[in-house]
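Undergrad: My structure is below; once you've seen it, I'll send some questions.
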Amino acid sequence: MKAGRWISLILAGVTAVSLLAGCGAGTEDSQDSSAQTAQEDTDTQAAEEETDEGTGTSGNVLVVYYSATGNTEEVANYIADATGGDLFELEPSEPYTSDDLDWTNDESRVSREYADESLRNVELVSTSVDNWDSYGTVFIGYPIWWGIAAWPVDSFVENNDFTGKTVIPFATSASSGMGESGQLLADLAGTGDWQEGQRFRSGADEADVQEWVNGLGL
């Protein structure tokens with residue numbers, strides 16, 4: 001009887017140990033699974049942050065530009081590359097030809113528009129930007145015409161609300177400076193935080209544009 005009782009006690013002890021081991025293993029597996037899930041979430045978040053850093057301020061910066069001969073477009077592309085921003089080209093519904101742009105001819109289109117301000121209301125293919133409200137910083141580029149911003153830009157500025165946006169003008173010209181072009185656009189807009197602009201020479205160097213953008217602290 002004693003032997004049988006001892007055997008029963010031993011078997012009961014073995015069973016209890018097995019049950020405890022099983023419970024411990026289940027708890028450990030659950031803890032390991034939770035830890036793994038938490039680590040995966042952390043890794044995913046880190047990857048997303050790394051992607052955001054790698055693309056600069058993509059989705060928050062817009063580079064709007066009108067380019068008559070390609071110089072402003074070149075600078076606009078440099079800015080977009082430097083900021084990770086999106087591009088929006090301003091296109092006149094009636095494009096300017098090379099003859100239209102001949103400022104030395106008093107009868108050319110730009111000369112007539114310069115002489116008669118009522119002719120400067122240039123219709124654009126579009127003044128509406130998709131997801132306009134998502135952009136916090138807007139660069140606006142243009143060539144300098146007679147000391148001011150090329151007037152095809154005016155239609156875009158007049159037709160958009162810049163409230164809450166930082167607006168940074170930039171211009172290209174062979175010799176003329178920015179003049180009051182940026183301030184005149186700011187007055188036309190009536191909204192937005194307009195910053196001091198930058199003029200680049202025709203055929204601007206990408207490194208110069210990059211240096212300027214870096215100095216803006218975006």
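Naming works like this for the structure tokens: A, B, ... for the chains as they're shown, residue 1 at the start of each chain, ligands 1 onward in shown order.
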Which residues are close to Thr166 of chain A, i.e. within 9 Å by only C-alpha atoms, leaving aside same-chain residues fewer than 3 positions away? Reply as a PyMOL selection string.
TA: chain A and resi 136-139+162-163+192-195
Undergrad: Go ahead and save the picked residues with N, CA and C atoms, as a compact mmCIF listing (two decimals), in the first residue's frame.
TA:
# COMPACT_ATOMS: atom_id res chain seq x y z
N GLY A 136 2.65 73.73 -47.92
CA GLY A 136 2.94 74.80 -46.96
C GLY A 136 3.92 75.82 -47.51
N THR A 137 4.75 75.39 -48.46
CA THR A 137 5.75 76.27 -49.07
C THR A 137 5.57 76.26 -50.59
N VAL A 138 5.48 77.44 -51.17
CA VAL A 138 5.29 77.55 -52.62
C VAL A 138 6.37 78.45 -53.20
N PHE A 139 7.19 77.89 -54.08
CA PHE A 139 8.13 78.69 -54.86
C PHE A 139 7.41 79.16 -56.13
N PHE A 162 -3.25 82.17 -50.88
CA PHE A 162 -1.96 81.79 -50.29
C PHE A 162 -1.97 81.86 -48.76
N THR A 163 -3.15 81.97 -48.18
CA THR A 163 -3.25 82.04 -46.72
C THR A 163 -2.56 80.84 -46.07
N GLY A 192 -0.69 85.27 -47.76
CA GLY A 192 0.55 84.50 -47.75
C GLY A 192 1.70 85.25 -47.12
N ASP A 193 2.69 84.49 -46.68
CA ASP A 193 3.91 85.05 -46.09
C ASP A 193 4.99 85.05 -47.18
N TRP A 194 5.11 86.15 -47.88
CA TRP A 194 6.02 86.25 -49.01
C TRP A 194 7.42 86.61 -48.54
N GLN A 195 8.38 85.80 -48.96
CA GLN A 195 9.77 85.99 -48.58
C GLN A 195 10.54 86.77 -49.65
Undergrad: Determine, counting only C-alpha atoms, which protein, DNA and RNA residues have an atom within 8 Å of an atom of segment 212-214 of chain A; residues of the same chain fewer than 4 positions away are not included. Present the result as an MDAnalysis selection string.
TA: chainID A and resid 79 82:83 208 218
Undergrad: Would you pick out the contacts of Asp161 of chain A at 9 Å or less, using only C-alpha atoms, so that residues sharing its chain but fewer than 3 positions from it are not included, and give the list as a list of chain:residue names?
TA: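 Here the answer would be A:Val157, A:Glu158, A:Gly164, A:Lys165, A:Ala189, A:Gly190, A:Thr191, A:Gly192.
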Undergrad: For Val63 of chain A, find every residue with an atom within 7 Å (counting only C-alpha atoms), except residues of its own chain fewer than 6 positions away, and show them as a PyMOL selection string.
TA: chain A and resi 76+80+85-88+138-140
Undergrad: Which is closer to Asp187 of chain A than all the others in A:Asp154, A:Val209, A:Ala68, A:Gly84, using only C-alpha atoms?
TA: A:Asp154
Undergrad: Nearest to Thr69 of chain A: which of A:Ser128, A:Gln210, A:Asn121, A:Thr172 is it, counting only C-alpha atoms?
TA: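 The answer is A:Thr172, which sits nearest to Thr69 of chain A.
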Undergrad: Compile the contact shell of Gly177 of chain A as a list of chain:residue names: residues with an atom at most 8 Å away, counting only C-alpha atoms, same-chain residues fewer than 3 positions apart removed.
TA: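 Counting only the stated atoms, we get A:Ile144, A:Gly147, A:Ser173, A:Arg199.
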Undergrad: Write the residues you've just listed into a file as a PDB file, in the first residue's frame, and include N, CA, C and O atoms for each of them.
TA:
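Saved to selection-v2.pdb:
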ATOM      1  N   ILE A 144      12.283  87.817 -65.807  1.00  0.00           N
ATOM      2  CA  ILE A 144      12.059  89.247 -65.588  1.00  0.00           C
ATOM      3  C   ILE A 144      11.787  89.919 -66.931  1.00  0.00           C
ATOM      4  O   ILE A 144      12.585  89.832 -67.859  1.00  0.00           O
ATOM      5  N   GLY A 147      11.777  94.608 -65.865  1.00  0.00           N
ATOM      6  CA  GLY A 147      11.957  94.872 -64.442  1.00  0.00           C
ATOM      7  C   GLY A 147      10.900  94.283 -63.522  1.00  0.00           C
ATOM      8  O   GLY A 147      10.978  94.465 -62.306  1.00  0.00           O
ATOM      9  N   SER A 173      17.132  86.044 -65.355  1.00  0.00           N
ATOM     10  CA  SER A 173      17.315  87.128 -66.321  1.00  0.00           C
ATOM     11  C   SER A 173      18.776  87.180 -66.722  1.00  0.00           C
ATOM     12  O   SER A 173      19.649  86.693 -65.993  1.00  0.00           O
ATOM     13  N   ARG A 199      17.250  86.109 -57.633  1.00  0.00           N
ATOM     14  CA  ARG A 199      17.398  86.140 -59.095  1.00  0.00           C
ATOM     15  C   ARG A 199      18.599  85.291 -59.495  1.00  0.00           C
ATOM     16  O   ARG A 199      19.654  85.324 -58.855  1.00  0.00           O
TER      17      ARG A 199
END
Undergrad: Please, what distance in Å, to one decimal, runs between atom CA of Gly217 of chain A and atom CA of Glu180 of chain A?
TA: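 Going from atom CA of Gly217 of chain A over to atom CA of Glu180 of chain A, I get 23.5 Å.
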